[in-house]
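So the structure is just underneath, and the comments pick up after that.
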Amino acid sequence: MMTIERLRSLSEANRQPEEFEAVVRVATCMATGGIAAGSAAVLDVLTNELRERQHVKVEIVRKGCIGMCRLDPLVDVFVSGQGKVTYVKMTPEKMQRVIEEHIFGGHVVDEYMLHLANGLILDDYVVLEG
Amino acid sequence: MSNFEKRLVVCDGTDCDAPNAEKNLVRVLRREVMKVGLADTVEIVHVGCLSLCEFEPLVISYPDGVVYSRVKATDAGELVRTHLVEHRTLERLLAQTNGLRTEQASSIDHIPFFSHQFRIALRNCGIIDPEKIQEYIARDGYQALAKVLTEMTPAEVVAKIKGSELRGRGGAGFPTGLKWELAAREESSQKFIICNADEGDPGAFMDRSVLESDPHSILEAMAIAGFALGASQGFIYVRAEYPVAVERLRLGIAQAHEYDLLGENIFGSGFSFDIDIRLGAGAFVCGEETALMNSIEGRRGMPNPKPPFPATSGLWQKPTVINNVETLANIPPIILRGASWFSSIGTERSKGTKVFALGGKINNVGLVEVPMGTTLRQVIFDIGGGIPKGKAFKAVQTGGPSGGCIPAQHLDVPIDYDSLTQLGSMMGSGGMIVMDENTCMVDVARFYLEFTKDESCGKCSPCRIGTLRMLEILDKITRGKGSMEDLDNLRDLSEQIQVASLCALGQTAPNPVLSTMQYFWDEYVAHVVEKRCPAGVCKSLVRYTINPDLCRGCGLCARECPVGAISGELKHVHVIHDDACIRCGNCAEVCNVDAVLRG
Ligand SMILES: Cc1cc2nc3c(=O)[nH]c(=O)nc-3n(C[C@H](O)[C@H](O)[C@H](O)COP(=O)(O)O)c2cc1C
Ligand code: FES
């Protein structure tokens, strides 16, 4: 039977830690908006890549809608000790680069981050030629 | 910027425009950077459209975010020397932008889109994994149910919800506590609680997001309601077009059973409760509570006259409470944080928050939750980011097919149930569709009428026949065949349908027509008297022409015309051939110098 004590201890046990130890956490929106924008394909790239390289422990989190559907698929990457980086309008190709450069390489891919001008969200920042 | 310290981002719109002269800008900048010996530290990238088109060609310097506008290849040397070598800003090229700065946000949490919001119903959406009950529990999930079952009596629960002054979020805004009280008072061996997840308004997806992103909040709230009313069975009526939501609800119910949070003797309190899912086939009218219950009982989804109200005789003639998804999502926080906490948020007669699905001509299409009393302007401009492409705001549609269009002069009205009704619209379930200057309000009214005509269940004639007659008149007007008498008839019909229809579908169906007539009368008159569509939308009334003074002969319109109705040589003024033109408007959409005229 469920009791209040058990519910409380479950609640404690499942709190998300502020910092992750030696873990990379990748979270994306898997609500209808995110799925329609292609988040499943983006996660597939990650899952496949991780199967190949098992030395870095990466946790994949499937979340719901945060409301910023315009920027879907959104991908949050938490690397322990470095806080959270949100990538917007992701594609399998962009994810591949984030895996190489950020998750395994330690460099944030800044053009895939959100860009603002006086608080107004700009369109994404696709490098045509660099 | 992996290996570089600085980066110049060049955006000249050349992915959407033809002239490639600006490409030189990238090349010239590279050459200048090399000249001053910074090629290894400064990276130069050419990017796609940033929607800052009014400043193009532009150069943004990162990490400082300074934006230089209207940069020509001849400015490159000075820009590199001043900004990168002397570390000063080049004022001359800043003038246009009023010192605009861009920034890269490493996380989306602190952008204005979120900082103006207040999340109660959406508290867990996008935060937890909806398929893991543990994550819901970790954020105080099911604590409210525990509190209710172990510390409170049903009457206390009802009193708390009443005290919070929560009103229904499904459209009508009926006080939730009162609804619960009416059903709780009934003596009956069986009662029911229904969650209305039919969400039929075009463009609305608030309820879907809650179900998909935080299903347990609804299950917990239904169990709380069940306890308060004395109901042991709940139903969720959800449309089959929401497969992800249905799947997560099924999984959620199974998990809740596994954890003994649904089923027999929950928390050892003696209270038992279970929830079943019923799928709707997507008829708008099935969102109406009596039609919905008919549908659950296996009959055709048609409304019944009220009274009797569901609270006294609902599903299988038993006392029933039917609440909207968002209404229910507010219940657990009210139980945990108190009625006075909730009623301290919002306005005099509308407490708490409201979720809106922003759509149409708005930059930040998405889902937002704001305290009641927030103004339309704050929602549309501060959170929604305003209208794309610098176009002017014309109206916002709230309340879906039962609501109306609110024009610019009322943008500063605080959003609550009463103020929106006063403006001839209504709160509705939370769809908010923004329209810009290129929207024809007669066409908008026609769109909604077509929707209600299609969705009318046919049981009563004012709605079945009346909406069809109204649609015919609107059709006539948009084809340039209308008369002033038709406008009078529209008004007459509207009033009759409002009073004579059986359910609120018909009673509110004329609202989009009446509100557009109220605020955009001139547009109706232009269609009828001048046979002109001022917004250039109604195909029979619009002609596209090219302004020879503005046309640069880039050829983009000719390339984008699907029927080859535009001719002209490169660098020369182009012409649209009216007999071939199908009035799709592509040319006006793509023209970078606004040379295509509609009228
Ligand atoms: C045509 C029509 C469609 C409706 N569609 C919905 C709907 O999709 N979802 C909803 O919650 N309420 C809908 N309603 C309102 C319901 O009849 C009812 O008022 C509501 O579910 C009550 O819940 P609340 O008090 O929590 O708002 C609709 C009403 C009408 C007349
Ligand atoms: S559906 Fe993904 S953020 Fe809305």
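Chain identifiers are assigned as A, B, and so on, following the order in which chains appear in the structure tokens; residues are numbered from 1 within each chain, and ligands are numbered from 1 in order of appearance.
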**Asked** So which residues touch Glu530 in chain B within 10 Å, counting only C-alpha atoms, skipping near sequence neighbours fewer than 6 positions away, as a list of chain:residue names?
**Response** B:Gly480, B:Glu523, B:Tyr524, B:Leu541
Generate a file of the selected residues that holds all heavy atoms, formatted as a CSV table (one decimal), in the first residue's frame.
chain,number,residue,atom,x,y,z
B,480,GLY,N,-17.7,39.6,-53.9
B,480,GLY,CA,-18.0,40.9,-54.5
B,480,GLY,C,-19.4,41.0,-55.0
B,480,GLY,O,-19.7,41.9,-55.7
B,523,GLU,N,-14.4,47.4,-43.5
B,523,GLU,CA,-14.0,46.3,-44.5
B,523,GLU,C,-15.2,45.6,-45.1
B,523,GLU,O,-15.2,45.3,-46.3
B,523,GLU,CB,-13.1,45.3,-43.7
B,523,GLU,CG,-11.7,45.7,-43.7
B,523,GLU,CD,-10.8,44.6,-43.2
B,523,GLU,OE1,-10.8,43.5,-43.7
B,523,GLU,OE2,-10.0,44.9,-42.2
B,524,TYR,N,-16.2,45.5,-44.3
B,524,TYR,CA,-17.5,44.9,-44.9
B,524,TYR,C,-18.0,45.8,-46.0
B,524,TYR,O,-18.4,45.4,-47.1
B,524,TYR,CB,-18.5,44.6,-43.8
B,524,TYR,CG,-18.3,43.4,-43.0
B,524,TYR,CD1,-17.5,43.3,-41.9
B,524,TYR,CD2,-18.9,42.2,-43.4
B,524,TYR,CE1,-17.3,42.2,-41.1
B,524,TYR,CE2,-18.8,41.0,-42.7
B,524,TYR,CZ,-18.0,41.0,-41.5
B,524,TYR,OH,-17.8,39.8,-40.8
B,541,LEU,N,-11.7,39.6,-55.6
B,541,LEU,CA,-11.7,41.1,-55.6
B,541,LEU,C,-10.3,41.6,-55.6
B,541,LEU,O,-10.1,42.9,-55.7
B,541,LEU,CB,-12.3,41.5,-54.2
B,541,LEU,CG,-13.7,41.1,-54.0
B,541,LEU,CD1,-14.2,41.6,-52.7
B,541,LEU,CD2,-14.6,41.6,-55.1
**Asked** What are the residues of chain A that have an atom within 7 Å of an atom of chain B, counting only C-alpha atoms, as JSON, numbers by chain?
**Response** {"A": [1, 2, 3, 4, 10, 11, 12, 14, 15, 29, 31, 32, 61, 62, 63, 64, 65, 66, 67, 68, 69, 70, 84, 85, 86, 107, 110, 113, 114, 115, 116, 117, 118, 119, 120, 122, 123, 124, 125, 126, 127, 128, 129, 130]}
Please, which residues have at least one atom within 6 Å of an atom of ligand 1, using only C-alpha atoms and all ligand atoms, listed as a compact mmCIF listing (two decimals) with N, CA, C and O atoms, in the first residue's frame?
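After the write, selection-v9.txt holds the following:
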# COMPACT_ATOMS: atom_id res chain seq x y z
N GLY B 168 -13.80 27.56 -14.44
CA GLY B 168 -13.53 26.57 -15.48
C GLY B 168 -12.75 27.16 -16.64
O GLY B 168 -13.04 28.25 -17.11
N ARG B 169 -11.75 26.40 -17.10
CA ARG B 169 -10.91 26.87 -18.20
C ARG B 169 -11.37 26.33 -19.56
O ARG B 169 -10.71 26.55 -20.57
N GLY B 170 -12.49 25.62 -19.58
CA GLY B 170 -12.94 25.01 -20.83
C GLY B 170 -13.74 25.95 -21.71
O GLY B 170 -14.06 25.63 -22.84
N GLY B 171 -14.08 27.12 -21.20
CA GLY B 171 -14.81 28.05 -22.05
C GLY B 171 -15.76 28.93 -21.29
O GLY B 171 -15.69 30.15 -21.33
N ALA B 172 -16.67 28.30 -20.53
CA ALA B 172 -17.74 29.08 -19.94
C ALA B 172 -17.32 29.81 -18.66
O ALA B 172 -17.95 30.78 -18.26
N GLY B 173 -16.28 29.34 -18.00
CA GLY B 173 -15.79 30.03 -16.82
C GLY B 173 -16.66 29.85 -15.58
O GLY B 173 -16.71 30.70 -14.70
N PHE B 174 -17.35 28.72 -15.49
CA PHE B 174 -18.21 28.45 -14.34
C PHE B 174 -17.33 28.15 -13.11
O PHE B 174 -16.34 27.43 -13.21
N THR B 176 -15.58 26.47 -10.34
CA THR B 176 -15.35 25.04 -10.19
C THR B 176 -15.83 24.53 -8.83
O THR B 176 -16.46 23.47 -8.74
N ASN B 196 -12.72 16.69 -19.56
CA ASN B 196 -13.00 17.05 -20.95
C ASN B 196 -11.69 17.39 -21.66
O ASN B 196 -11.11 18.45 -21.47
N ALA B 197 -11.23 16.43 -22.47
CA ALA B 197 -9.98 16.63 -23.21
C ALA B 197 -10.27 16.56 -24.70
O ALA B 197 -9.50 16.02 -25.48
N ASP B 198 -11.43 17.12 -25.08
CA ASP B 198 -11.82 17.03 -26.48
C ASP B 198 -11.14 18.12 -27.31
O ASP B 198 -10.92 17.97 -28.51
N GLU B 199 -10.84 19.23 -26.69
CA GLU B 199 -10.09 20.34 -27.30
C GLU B 199 -10.30 20.50 -28.81
O GLU B 199 -9.45 20.10 -29.61
N GLY B 200 -11.41 21.11 -29.16
CA GLY B 200 -11.75 21.20 -30.58
C GLY B 200 -11.47 22.52 -31.26
O GLY B 200 -11.55 22.62 -32.48
N PHE B 284 -16.38 18.59 -33.14
CA PHE B 284 -16.27 19.74 -32.26
C PHE B 284 -17.37 19.73 -31.21
O PHE B 284 -17.13 20.01 -30.03
N VAL B 285 -18.58 19.36 -31.61
CA VAL B 285 -19.71 19.44 -30.69
C VAL B 285 -19.55 18.47 -29.52
O VAL B 285 -20.13 18.68 -28.46
N GLY B 287 -17.26 18.29 -27.59
CA GLY B 287 -16.67 18.99 -26.46
C GLY B 287 -17.73 19.60 -25.57
O GLY B 287 -17.49 19.92 -24.41
N GLU B 288 -18.91 19.78 -26.10
CA GLU B 288 -20.04 20.30 -25.32
C GLU B 288 -20.43 19.22 -24.33
O GLU B 288 -20.57 18.05 -24.70
N GLU B 289 -20.64 19.59 -23.08
CA GLU B 289 -20.70 18.57 -22.04
C GLU B 289 -21.81 17.53 -22.21
O GLU B 289 -21.59 16.34 -21.98
N ILE B 322 -18.07 17.63 -14.85
CA ILE B 322 -17.22 17.60 -16.03
C ILE B 322 -16.34 18.84 -16.02
O ILE B 322 -16.82 19.95 -15.90
N ASN B 323 -15.05 18.59 -16.03
CA ASN B 323 -14.07 19.69 -15.97
C ASN B 323 -13.06 19.57 -17.11
O ASN B 323 -12.70 18.48 -17.53
N ASN B 324 -12.62 20.73 -17.50
CA ASN B 324 -11.60 20.82 -18.54
C ASN B 324 -10.22 20.40 -17.98
O ASN B 324 -9.98 20.46 -16.78
N THR B 327 -8.41 23.19 -16.08
CA THR B 327 -9.05 23.40 -14.79
C THR B 327 -8.49 22.40 -13.79
O THR B 327 -8.07 22.76 -12.68
N CYS B 503 -27.65 24.52 -28.22
CA CYS B 503 -26.46 24.51 -27.36
C CYS B 503 -25.57 25.70 -27.68
O CYS B 503 -25.81 26.45 -28.61
N ALA B 504 -24.51 25.80 -26.90
CA ALA B 504 -23.63 26.96 -27.03
C ALA B 504 -22.90 26.99 -28.36
O ALA B 504 -22.39 28.02 -28.77
N LEU B 505 -22.85 25.85 -29.07
CA LEU B 505 -22.20 25.90 -30.38
C LEU B 505 -22.94 26.88 -31.28
O LEU B 505 -22.36 27.80 -31.85
**Message:** Taking 3 positions as the minimum chain separation for residues in the same chain, which residues sit within 6 Å of Ile193 in chain B when counting only C-alpha atoms? Answer as an MDAnalysis selection string.
**Reply:** chainID B and resid 234 320:322
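Residue neighbourhood of range 49-54 of chain A, excluding near-sequence residues (fewer than 6 positions): Leu43, Gln96, Ile99, Glu100 and Phe104 of chain A, at 10 Å, using only C-alpha atoms.
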**Request:** Can you check which residues of range 250-281 of chain B DSSP gives as strand (DSSP E or B) on the backbone and send them as a list in words?
**Result:**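 Everything in range 250-281 of chain B that counts as strand (DSSP E or B) is Gly263, Phe273, Asp274, Ile275, Asp276, Ile277, Arg278, Leu279 and Gly280 of chain B.
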**Prompt:** Arg81 in chain B: which residues within 12 Å, counting only C-alpha atoms, same-chain residues fewer than 4 positions away excluded, as a list in words?
**Reply:** Leu29, Glu32, Val33, Met34, Lys35, Val36, Gly37, Leu38, Asp75, Ala76, Gly77, Val85, Glu86, His87, Arg88, Thr89 and Leu90 of chain B
Mind dumping the selected residues with N, CA, C and O atoms as a short mmCIF file (atom, residue, chain, number, x, y, z; two decimals), in the first residue's frame?
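Result file follows (again01.cif):
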data_model
loop_
_atom_site.label_atom_id
_atom_site.label_comp_id
_atom_site.auth_asym_id
_atom_site.auth_seq_id
_atom_site.Cartn_x
_atom_site.Cartn_y
_atom_site.Cartn_z
N LEU B 29 35.97 41.08 -45.79
CA LEU B 29 36.22 41.06 -44.35
C LEU B 29 37.36 40.09 -44.03
O LEU B 29 38.25 40.38 -43.23
N GLU B 32 40.61 41.68 -44.92
CA GLU B 32 41.00 42.74 -43.98
C GLU B 32 41.51 42.14 -42.67
O GLU B 32 42.45 42.64 -42.07
N VAL B 33 40.85 41.09 -42.23
CA VAL B 33 41.26 40.45 -40.98
C VAL B 33 42.66 39.85 -41.13
O VAL B 33 43.49 39.94 -40.23
N MET B 34 42.91 39.31 -42.31
CA MET B 34 44.22 38.74 -42.55
C MET B 34 45.28 39.84 -42.53
O MET B 34 46.35 39.68 -41.95
N LYS B 35 44.94 40.98 -43.16
CA LYS B 35 45.86 42.12 -43.24
C LYS B 35 46.34 42.56 -41.87
O LYS B 35 47.49 42.92 -41.68
N VAL B 36 45.41 42.58 -40.91
CA VAL B 36 45.81 43.05 -39.58
C VAL B 36 46.32 41.90 -38.71
O VAL B 36 46.49 42.05 -37.50
N GLY B 37 46.49 40.75 -39.34
CA GLY B 37 47.12 39.63 -38.63
C GLY B 37 46.23 38.93 -37.62
O GLY B 37 46.70 38.34 -36.66
N LEU B 38 44.91 38.98 -37.84
CA LEU B 38 44.01 38.35 -36.88
C LEU B 38 43.32 37.09 -37.43
O LEU B 38 42.39 36.58 -36.83
N ASP B 75 33.19 49.34 -46.34
CA ASP B 75 33.29 49.64 -44.90
C ASP B 75 34.17 48.63 -44.17
O ASP B 75 34.53 48.84 -43.01
N ALA B 76 34.47 47.53 -44.85
CA ALA B 76 35.09 46.40 -44.16
C ALA B 76 36.41 46.77 -43.48
O ALA B 76 36.64 46.42 -42.33
N GLY B 77 37.26 47.50 -44.20
CA GLY B 77 38.57 47.84 -43.66
C GLY B 77 38.45 48.64 -42.37
O GLY B 77 39.05 48.30 -41.33
N VAL B 85 40.91 45.93 -33.99
CA VAL B 85 42.28 46.32 -33.63
C VAL B 85 42.26 47.38 -32.53
O VAL B 85 42.93 47.25 -31.51
N GLU B 86 41.44 48.43 -32.73
CA GLU B 86 41.43 49.51 -31.74
C GLU B 86 40.43 49.26 -30.61
O GLU B 86 40.34 50.02 -29.66
N HIS B 87 39.64 48.20 -30.76
CA HIS B 87 38.64 47.84 -29.74
C HIS B 87 37.67 48.98 -29.43
O HIS B 87 37.35 49.25 -28.28
N ARG B 88 37.28 49.70 -30.45
CA ARG B 88 36.23 50.73 -30.29
C ARG B 88 35.08 50.33 -31.19
O ARG B 88 35.25 49.55 -32.12
N THR B 89 33.88 50.86 -30.91
CA THR B 89 32.79 50.57 -31.84
C THR B 89 32.80 51.60 -32.95
O THR B 89 33.17 52.76 -32.75
N LEU B 90 32.38 51.17 -34.13
CA LEU B 90 32.34 52.06 -35.28
C LEU B 90 30.97 52.73 -35.30
O LEU B 90 30.00 52.16 -35.82
#
